[in-house]
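Structure file run.csv; described as CSV, C-alpha atoms.
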chain,number,residue,atom,x,y,z
O,1,MET,CA,112.6,75.8,93.2
O,2,SER,CA,111.3,79.3,93.4
O,3,ALA,CA,108.8,78.3,96.2
O,4,SER,CA,110.4,78.5,99.6
O,5,ASP,CA,107.9,77.4,102.0
O,6,SER,CA,109.2,78.5,105.4
O,7,GLY,CA,110.1,82.0,104.2
O,8,HIS,CA,113.5,81.4,105.7
O,9,GLN,CA,116.0,83.1,103.5
O,10,GLU,CA,119.4,81.6,103.8
O,11,HIS,CA,121.7,81.6,100.8
O,12,PRO,CA,125.5,81.3,100.1
O,13,LEU,CA,127.4,84.4,101.0
O,14,SER,CA,129.1,84.5,97.6
O,15,ILE,CA,125.9,85.6,95.8
O,16,TYR,CA,125.6,88.6,98.1
O,17,LEU,CA,129.2,89.6,97.5
O,18,TRP,CA,128.8,89.3,93.7
O,19,ILE,CA,125.7,91.4,93.7
O,20,TRP,CA,127.4,93.9,96.0
O,21,ILE,CA,130.3,94.3,93.5
O,22,LEU,CA,127.9,94.5,90.6
O,23,LEU,CA,126.0,97.3,92.3
O,24,PHE,CA,129.3,99.2,92.8
O,25,VAL,CA,130.2,98.8,89.1
O,26,LEU,CA,126.8,99.8,87.9
O,27,SER,CA,126.8,102.9,90.2
O,28,THR,CA,130.2,103.8,88.8
O,29,PHE,CA,128.9,103.5,85.3
O,30,SER,CA,125.9,105.7,86.0
O,31,TYR,CA,128.2,108.3,87.6
O,32,MET,CA,130.4,108.2,84.5
O,33,VAL,CA,127.4,109.1,82.4
O,34,ASP,CA,127.4,112.5,84.1
O,35,TYR,CA,131.1,112.8,84.5
O,36,TYR,CA,131.8,112.5,80.8
O,37,GLN,CA,128.7,114.7,80.1
O,38,LEU,CA,127.0,112.3,77.7
O,39,GLN,CA,124.1,114.0,76.1
O,40,GLY,CA,120.9,113.2,74.3
O,41,LEU,CA,119.5,109.8,73.7
O,42,TRP,CA,122.6,108.0,75.0
O,43,ARG,CA,122.3,109.8,78.3
O,44,TRP,CA,118.7,109.0,79.0
O,45,ASN,CA,118.9,105.4,77.9
O,46,LEU,CA,122.1,104.6,79.9
O,47,ILE,CA,120.6,106.3,83.0
O,48,LEU,CA,117.5,104.2,82.7
O,49,VAL,CA,119.3,100.9,81.9
O,50,PHE,CA,121.7,101.3,84.9
O,51,MET,CA,118.9,102.3,87.2
O,52,MET,CA,116.7,99.4,86.2
O,53,LEU,CA,119.5,96.9,86.6
O,54,LYS,CA,120.4,98.2,90.0
O,55,ALA,CA,116.8,98.2,91.2
O,56,GLY,CA,116.3,94.8,89.8
O,57,PHE,CA,119.3,93.3,91.6
O,58,ILE,CA,118.4,94.9,94.9
O,59,VAL,CA,114.8,93.6,94.8
O,60,ALA,CA,115.6,90.2,93.3
O,61,ILE,CA,118.7,89.2,95.4
O,62,PHE,CA,119.1,91.5,98.4
O,63,MET,CA,115.3,91.6,99.1
O,64,HIS,CA,115.1,87.9,98.2
O,65,MET,CA,112.3,88.3,95.8
O,66,THR,CA,113.7,85.6,93.5
O,67,TRP,CA,113.1,83.0,96.2
O,68,GLU,CA,109.7,84.0,97.3
O,69,ARG,CA,106.4,82.3,96.4
O,70,ILE,CA,104.4,83.6,93.5
O,71,ALA,CA,101.6,84.8,95.8
O,72,LEU,CA,103.9,87.2,97.6
O,73,ILE,CA,105.8,88.3,94.4
O,74,SER,CA,102.6,89.2,92.6
O,75,ALA,CA,101.0,90.9,95.6
O,76,ILE,CA,104.0,93.2,95.8
O,77,LEU,CA,105.0,93.7,92.2
O,78,VAL,CA,101.7,94.0,90.4
O,79,PRO,CA,100.0,96.9,92.3
O,80,PRO,CA,102.8,99.4,91.4
O,81,LEU,CA,101.9,98.9,87.7
O,82,CYS,CA,99.0,101.3,88.5
O,83,LEU,CA,101.7,104.0,88.9
O,84,LEU,CA,102.6,103.7,85.3
O,85,VAL,CA,99.1,105.1,84.5
O,86,LEU,CA,99.8,108.1,86.7
O,87,ILE,CA,103.2,108.6,85.2
O,88,VAL,CA,101.8,108.6,81.6
O,89,MET,CA,98.9,110.9,82.5
O,90,MET,CA,101.2,113.4,84.3
O,91,SER,CA,103.6,113.3,81.4
O,92,ILE,CA,100.9,114.3,79.0
O,93,GLU,CA,99.6,116.9,81.5
O,94,GLY,CA,103.1,118.3,81.9
O,95,GLN,CA,103.5,118.8,78.2
O,96,TYR,CA,100.1,120.4,78.0
O,97,THR,CA,100.9,122.9,80.8
O,98,HIS,CA,104.2,123.7,79.2
O,99,SER,CA,102.5,124.5,75.9
O,100,GLN,CA,99.9,126.6,77.6
O,101,ARG,CA,102.5,128.6,79.5
O,102,ALA,CA,104.4,129.1,76.4
O,103,THR,CA,101.3,130.6,74.7
O,104,PHE,CA,100.3,132.6,77.7
O,105,PHE,CA,103.7,134.1,78.3
O,106,GLY,CA,104.0,134.9,74.6
O,107,LEU,CA,106.9,132.8,73.7
O,108,GLN,CA,106.9,132.2,70.0
O,109,GLU,CA,108.0,128.6,70.3
O,110,ALA,CA,108.0,126.7,73.5
O,111,PRO,CA,111.7,126.1,74.4
O,112,VAL,CA,112.3,122.6,75.2
O,113,VAL,CA,113.5,122.5,78.8
O,114,GLU,CA,116.8,120.7,78.0
O,115,HIS,CA,118.9,119.9,81.0
O,116,HIS,CA,122.6,120.0,81.0
O,117,GLY,CA,122.7,122.0,77.8
O,118,LYS,CA,125.8,124.1,78.3
O,119,ALA,CA,124.7,126.6,75.7
O,120,GLU,CA,121.9,127.9,77.9
O,121,HIS,CA,124.2,129.3,80.6
A,1,MET,CA,103.2,74.7,108.6
A,2,SER,CA,104.4,73.0,105.5
A,3,GLN,CA,101.9,70.1,105.2
A,4,ASP,CA,101.0,70.6,101.5
A,5,ALA,CA,104.1,72.2,100.2
A,6,GLY,CA,105.2,69.2,98.0
A,7,GLN,CA,101.7,68.8,96.6
A,8,VAL,CA,101.7,72.1,94.7
A,9,ALA,CA,105.3,72.4,94.0
A,10,ASN,CA,105.2,70.8,90.6
A,11,ASP,CA,101.9,72.3,89.3
A,12,GLY,CA,103.5,75.4,87.9
A,13,ALA,CA,103.3,79.1,88.9
A,14,VAL,CA,99.6,79.7,88.1
A,15,ASN,CA,98.4,76.7,90.0
A,16,GLU,CA,100.6,77.7,92.9
A,17,LEU,CA,99.1,81.2,92.9
A,18,ILE,CA,95.5,79.9,92.8
A,19,ASN,CA,96.2,77.3,95.5
A,20,ASP,CA,97.7,79.9,97.9
A,21,TRP,CA,94.8,82.3,97.5
A,22,ALA,CA,92.0,79.8,97.3
A,23,ASP,CA,92.5,77.7,100.5
A,24,ASP,CA,90.9,78.8,103.7
A,25,LYS,CA,94.3,79.5,105.3
A,26,GLU,CA,97.0,82.1,105.4
A,27,VAL,CA,98.1,83.2,102.0
A,28,PHE,CA,101.7,84.3,102.5
A,29,ARG,CA,103.7,81.5,104.0
A,30,VAL,CA,106.2,83.8,105.6
A,31,HIS,CA,106.7,85.4,109.0
A,32,TRP,CA,103.7,87.8,109.5
A,33,GLY,CA,106.1,90.6,110.2
A,34,LYS,CA,107.8,90.1,106.9
A,35,ALA,CA,104.4,90.1,105.0
A,36,MET,CA,103.5,93.3,106.8
A,37,MET,CA,106.8,95.0,106.1
A,38,TRP,CA,106.3,94.2,102.4
A,39,ILE,CA,102.8,95.7,102.5
A,40,PHE,CA,104.3,98.8,104.2
A,41,LEU,CA,107.0,99.1,101.6
A,42,LEU,CA,104.4,98.8,98.8
A,43,SER,CA,102.6,101.8,100.3
A,44,ASP,CA,105.9,103.6,100.5
A,45,THR,CA,106.6,102.8,96.9
A,46,PHE,CA,103.4,104.7,96.0
A,47,ILE,CA,104.4,107.7,98.1
A,48,PHE,CA,107.9,108.0,96.6
A,49,THR,CA,106.6,107.4,93.0
A,50,SER,CA,104.0,110.1,93.6
A,51,PHE,CA,106.7,112.5,94.7
A,52,LEU,CA,108.9,111.7,91.7
A,53,THR,CA,105.9,111.9,89.3
A,54,GLY,CA,105.0,115.3,90.8
A,55,TYR,CA,108.6,116.4,90.2
A,56,MET,CA,108.5,115.1,86.6
A,57,LYS,CA,105.2,117.1,86.0
A,58,ILE,CA,106.6,120.3,87.5
A,59,ARG,CA,109.8,120.0,85.5
A,60,ALA,CA,108.0,119.3,82.3
A,61,SER,CA,105.7,122.2,82.8
A,62,SER,CA,108.4,124.7,83.5
A,63,THR,CA,109.2,127.2,80.7
A,64,ILE,CA,112.3,128.4,82.6
A,65,PRO,CA,115.3,126.1,82.2
A,66,TRP,CA,115.8,123.6,85.0
A,67,PRO,CA,119.0,124.2,87.1
A,68,ASN,CA,122.0,122.1,86.1
A,69,SER,CA,122.3,119.6,88.9
A,70,SER,CA,125.7,118.5,87.6
A,71,GLU,CA,127.1,122.0,88.4
A,72,ILE,CA,125.0,122.7,91.6
A,73,PHE,CA,126.2,119.5,93.3
A,74,ALA,CA,129.8,119.8,92.2
A,75,LEU,CA,132.4,120.0,94.9
A,76,SER,CA,136.0,121.0,94.7
A,77,PHE,CA,138.8,119.6,96.7
A,78,GLY,CA,141.3,122.4,96.1
A,79,GLY,CA,141.3,122.0,92.3
A,80,ASP,CA,138.6,122.2,89.7
A,81,PRO,CA,135.1,121.3,90.9
A,82,ILE,CA,134.3,117.7,90.3
A,83,PRO,CA,130.6,117.3,89.1
A,84,LEU,CA,128.2,115.5,91.4
A,85,ILE,CA,131.0,114.0,93.4
A,86,LEU,CA,129.3,114.2,96.8
A,87,ILE,CA,126.2,112.5,95.5
A,88,ALA,CA,128.4,109.7,94.0
A,89,ILE,CA,130.1,109.2,97.4
A,90,MET,CA,126.7,109.1,99.1
A,91,THR,CA,125.5,106.5,96.6
A,92,PHE,CA,128.5,104.3,97.4
A,93,VAL,CA,128.0,104.7,101.1
A,94,LEU,CA,124.4,103.6,100.8
A,95,ILE,CA,125.3,100.6,98.6
A,96,THR,CA,128.1,99.6,101.0
A,97,SER,CA,125.5,99.7,103.9
A,98,SER,CA,123.2,97.5,101.8
A,99,GLY,CA,125.9,95.0,101.4
A,100,THR,CA,126.7,94.8,105.1
A,101,MET,CA,122.9,94.5,105.8
A,102,ALA,CA,122.7,91.5,103.4
A,103,LEU,CA,125.5,89.9,105.3
A,104,ALA,CA,123.8,90.6,108.7
A,105,VAL,CA,120.7,88.8,107.5
A,106,ASN,CA,122.8,85.9,106.5
A,107,TYR,CA,124.6,85.6,109.8
A,108,GLY,CA,121.4,86.1,111.7
A,109,TYR,CA,119.9,82.9,110.3
A,110,ARG,CA,123.2,81.2,111.1
A,111,ARG,CA,122.6,82.4,114.7
A,112,ASP,CA,126.0,84.1,114.8
A,113,ARG,CA,124.9,86.8,117.2
A,114,LYS,CA,128.2,88.6,117.4
A,115,LYS,CA,128.7,88.9,113.7
A,116,THR,CA,125.1,89.8,113.1
A,117,ALA,CA,125.1,92.6,115.7
A,118,THR,CA,128.5,93.9,114.5
A,119,LEU,CA,127.2,94.0,110.9
A,120,LEU,CA,124.0,95.7,111.9
A,121,PHE,CA,126.0,98.4,113.8
A,122,ILE,CA,128.2,98.9,110.8
A,123,THR,CA,125.1,99.3,108.6
A,124,ALA,CA,123.7,101.9,111.0
A,125,ALA,CA,127.0,103.7,111.0
A,126,PHE,CA,127.0,104.0,107.2
A,127,GLY,CA,123.4,105.2,107.4
A,128,LEU,CA,124.5,107.9,109.9
A,129,LEU,CA,127.4,108.8,107.6
A,130,PHE,CA,124.9,109.2,104.7
A,131,VAL,CA,122.6,111.5,106.8
A,132,GLY,CA,125.6,113.5,107.8
A,133,MET,CA,126.7,114.0,104.2
A,134,GLN,CA,123.1,115.0,103.3
A,135,ALA,CA,123.1,117.6,106.1
A,136,PHE,CA,126.4,118.9,104.7
A,137,GLU,CA,124.8,119.0,101.2
A,138,TRP,CA,121.7,120.8,102.4
A,139,THR,CA,123.8,123.4,104.3
A,140,LYS,CA,125.9,124.1,101.3
A,141,LEU,CA,122.9,124.5,99.1
A,142,ILE,CA,121.0,126.7,101.5
A,143,VAL,CA,123.8,128.8,102.9
A,144,ASP,CA,126.3,129.0,100.0
A,145,GLU,CA,124.2,128.7,96.9
A,146,GLY,CA,121.0,130.4,98.2
A,147,ILE,CA,118.6,127.7,97.1
A,148,ARG,CA,115.2,128.0,98.7
A,149,PRO,CA,111.9,126.1,98.2
A,150,TRP,CA,110.5,129.1,96.5
A,151,GLY,CA,113.4,130.1,94.3
A,152,ASN,CA,117.0,129.9,93.4
A,153,PRO,CA,119.6,131.8,91.3
A,154,PHE,CA,120.0,129.0,88.8
A,155,GLY,CA,116.7,128.6,87.0
A,156,ALA,CA,113.3,127.2,87.6
A,157,PRO,CA,112.1,128.3,91.1
A,158,GLN,CA,110.4,124.9,91.7
A,159,PHE,CA,113.8,123.2,91.8
A,160,GLY,CA,114.3,123.8,95.6
A,161,ALA,CA,110.8,122.6,96.5
A,162,CYS,CA,111.3,119.4,94.6
A,163,PHE,CA,114.8,118.9,96.0
A,164,PHE,CA,114.0,119.5,99.7
A,165,MET,CA,110.8,117.5,99.5
A,166,ILE,CA,112.2,114.4,97.8
A,167,THR,CA,115.6,114.2,99.5
A,168,GLY,CA,114.2,115.3,102.8
A,169,PHE,CA,111.7,112.5,102.8
A,170,HIS,CA,114.3,110.0,101.8
A,171,GLY,CA,116.7,111.3,104.5
A,172,ALA,CA,113.9,110.9,107.1
A,173,HIS,CA,113.6,107.3,106.0
A,174,VAL,CA,117.4,106.8,106.4
A,175,SER,CA,117.3,108.4,109.9
A,176,GLY,CA,114.4,106.2,110.9
A,177,GLY,CA,116.2,103.2,109.5
A,178,VAL,CA,119.3,104.0,111.6
A,179,ILE,CA,117.2,104.0,114.8
A,180,TYR,CA,115.4,100.8,113.8
A,181,LEU,CA,118.7,99.0,113.0
A,182,THR,CA,120.3,100.2,116.2
A,183,TYR,CA,117.3,98.8,118.2
A,184,VAL,CA,117.5,95.5,116.4
A,185,ALA,CA,121.3,95.3,116.8
A,186,ILE,CA,121.1,95.8,120.5
A,187,GLY,CA,118.4,93.1,120.7
A,188,VAL,CA,120.6,90.7,118.8
A,189,MET,CA,123.5,91.5,121.1
A,190,ASN,CA,121.4,90.8,124.2
A,191,GLY,CA,119.9,87.6,122.8
A,192,ARG,CA,116.4,89.0,122.6
A,193,TYR,CA,115.6,87.0,119.4
A,194,GLU,CA,117.1,83.6,120.5
A,195,LYS,CA,113.6,82.2,121.1
A,196,LYS,CA,111.6,84.3,118.6
A,197,GLY,CA,114.0,83.6,115.7
A,198,TYR,CA,116.0,85.9,113.6
A,199,ASP,CA,113.3,86.9,111.1
A,200,ILE,CA,113.5,90.4,112.5
A,201,VAL,CA,116.9,90.9,111.0
A,202,GLU,CA,115.6,90.0,107.5
A,203,ILE,CA,112.6,92.3,108.1
A,204,CYS,CA,114.6,95.3,109.0
A,205,GLY,CA,116.9,94.3,106.1
A,206,LEU,CA,114.0,94.6,103.7
A,207,TYR,CA,113.4,98.2,105.0
A,208,TRP,CA,117.0,99.1,104.6
A,209,HIS,CA,117.3,97.7,101.1
A,210,PHE,CA,114.2,99.6,100.2
A,211,VAL,CA,115.8,102.9,101.3
A,212,ASP,CA,118.7,102.0,99.0
A,213,LEU,CA,116.3,101.2,96.2
A,214,VAL,CA,114.5,104.6,96.5
A,215,TRP,CA,117.9,106.3,96.3
A,216,VAL,CA,118.7,104.5,93.0
A,217,PHE,CA,115.6,106.2,91.5
A,218,ILE,CA,116.3,109.6,93.1
A,219,PHE,CA,119.9,109.4,91.9
A,220,ALA,CA,118.8,108.7,88.3
A,221,PHE,CA,115.9,111.1,88.1
A,222,PHE,CA,116.8,114.0,90.2
A,223,TYR,CA,120.6,114.1,90.1
A,224,LEU,CA,121.5,112.6,86.7
A,225,TRP,CA,118.5,113.5,84.5
Once you've parsed the file, please lay out its structure as structure tokens.
Amino acid sequence: MSASDSGHQEHPLSIYLWIWILLFVLSTFSYMVDYYQLQGLWRWNLILVFMMLKAGFIVAIFMHMTWERIALISAILVPPLCLLVLIVMMSIEGQYTHSQRATFFGLQEAPVVEHHGKAEH
Amino acid sequence: MSQDAGQVANDGAVNELINDWADDKEVFRVHWGKAMMWIFLLSDTFIFTSFLTGYMKIRASSTIPWPNSSEIFALSFGGDPIPLILIAIMTFVLITSSGTMALAVNYGYRRDRKKTATLLFITAAFGLLFVGMQAFEWTKLIVDEGIRPWGNPFGAPQFGACFFMITGFHGAHVSGGVIYLTYVAIGVMNGRYEKKGYDIVEICGLYWHFVDLVWVFIFAFFYLW
């Protein structure tokens, strides 16, 4: 069922309309995260969940990935996994640089760069 | 083109993958333009992820607090400033354009030239609206708030460099997309694809949805984080 052979992507209109509405709702939710100034773990998790859901629906339905053959799906979706290595490495590197700067600039304790903390202003 | 489609259909995903790559024939059974567009988008994925990863590294390294995007991008319509409202509207504009694009692809394959061209023009118009709002946003940030690539009054000086680099590159993609969509829309209107087939609408649709996809990540990591 997943293997469309002609690459001709024609599907019922209703599925696009549903995904469209869903994207609107998810975007509203992610905006609400900021509007109601959710903080901490809730904030990060909700942002990531809504982001992944939106990205997933766009790629799967709007870009027709659901209906492509495995050869194309794997050729497009597997290589970006390399980027996870880059992200992990740069995350470690970033924390290291932060700690070095804190030492070098003579801060007693490296302040965690917290965003959206109202107390800082 | 589809001589051995049924043969491998029931063998499961792994066999299908092996069969497609192992035969002495084309691997991707799609329009060549579509395969190439996907390869291009894959390379673009690497570019944008590198930008966002660079931004993550810079922000994690900074010992000076990062500016509060919720306040910087707030906009007031007479009353109290509403946080991030312009960005929220831009997000909705881009999603709307993604929806009209999806419909254009659908009508393209139904060979409904009038509806396809109209929907493509509408998509391009939303793209133009997005770029216009971005120009407004940049002007406000540069002129009113004094944000520069080398510093700003709100916190970490790298904020401006990251912001202009990432949103600028995305905006350039949207602008290019508007030109691309307009070109295709005119072609559809004039019947340029009657013989060649309407794969081109799906191909430029892939590009446009990708631009929307990148915005999803920029919205989450740059504006909300």
Residue hits in chain A, query chain O, radius 7 Å, all atoms listed in the file, as a count of residues only: 34
Report, in Å to a single decimal, how far apart atom CA of A:Gly176 and atom CA of A:Val105 are. 18.8 Å
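Taking atom CA of O:Ile15 and atom CA of A:Tyr107 as endpoints, the distance between them is 14.1 Å.
Atom CA of A:Ser97 lies 13.4 Å from atom CA of A:Thr182.
Non-sequential neighbours of A:Arg148 (distance at most 10 Å, separation of 2 or more positions within a chain, only C-alpha atoms) are Leu141, Ile142, Val143, Glu145, Gly146, Trp150, Gly151, Asn152, Pro153, Pro157, Gln158, Phe159, Gly160, Ala161, Phe163 and Phe164 of chain A.
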How would the residues just picked look written out with C-alpha atoms as a CSV table (one decimal), in the coordinates of the input?
chain,number,residue,atom,x,y,z
A,141,LEU,CA,122.9,124.5,99.1
A,142,ILE,CA,121.0,126.7,101.5
A,143,VAL,CA,123.8,128.8,102.9
A,145,GLU,CA,124.2,128.7,96.9
A,146,GLY,CA,121.0,130.4,98.2
A,150,TRP,CA,110.5,129.1,96.5
A,151,GLY,CA,113.4,130.1,94.3
A,152,ASN,CA,117.0,129.9,93.4
A,153,PRO,CA,119.6,131.8,91.3
A,157,PRO,CA,112.1,128.3,91.1
A,158,GLN,CA,110.4,124.9,91.7
A,159,PHE,CA,113.8,123.2,91.8
A,160,GLY,CA,114.3,123.8,95.6
A,161,ALA,CA,110.8,122.6,96.5
A,163,PHE,CA,114.8,118.9,96.0
A,164,PHE,CA,114.0,119.5,99.7
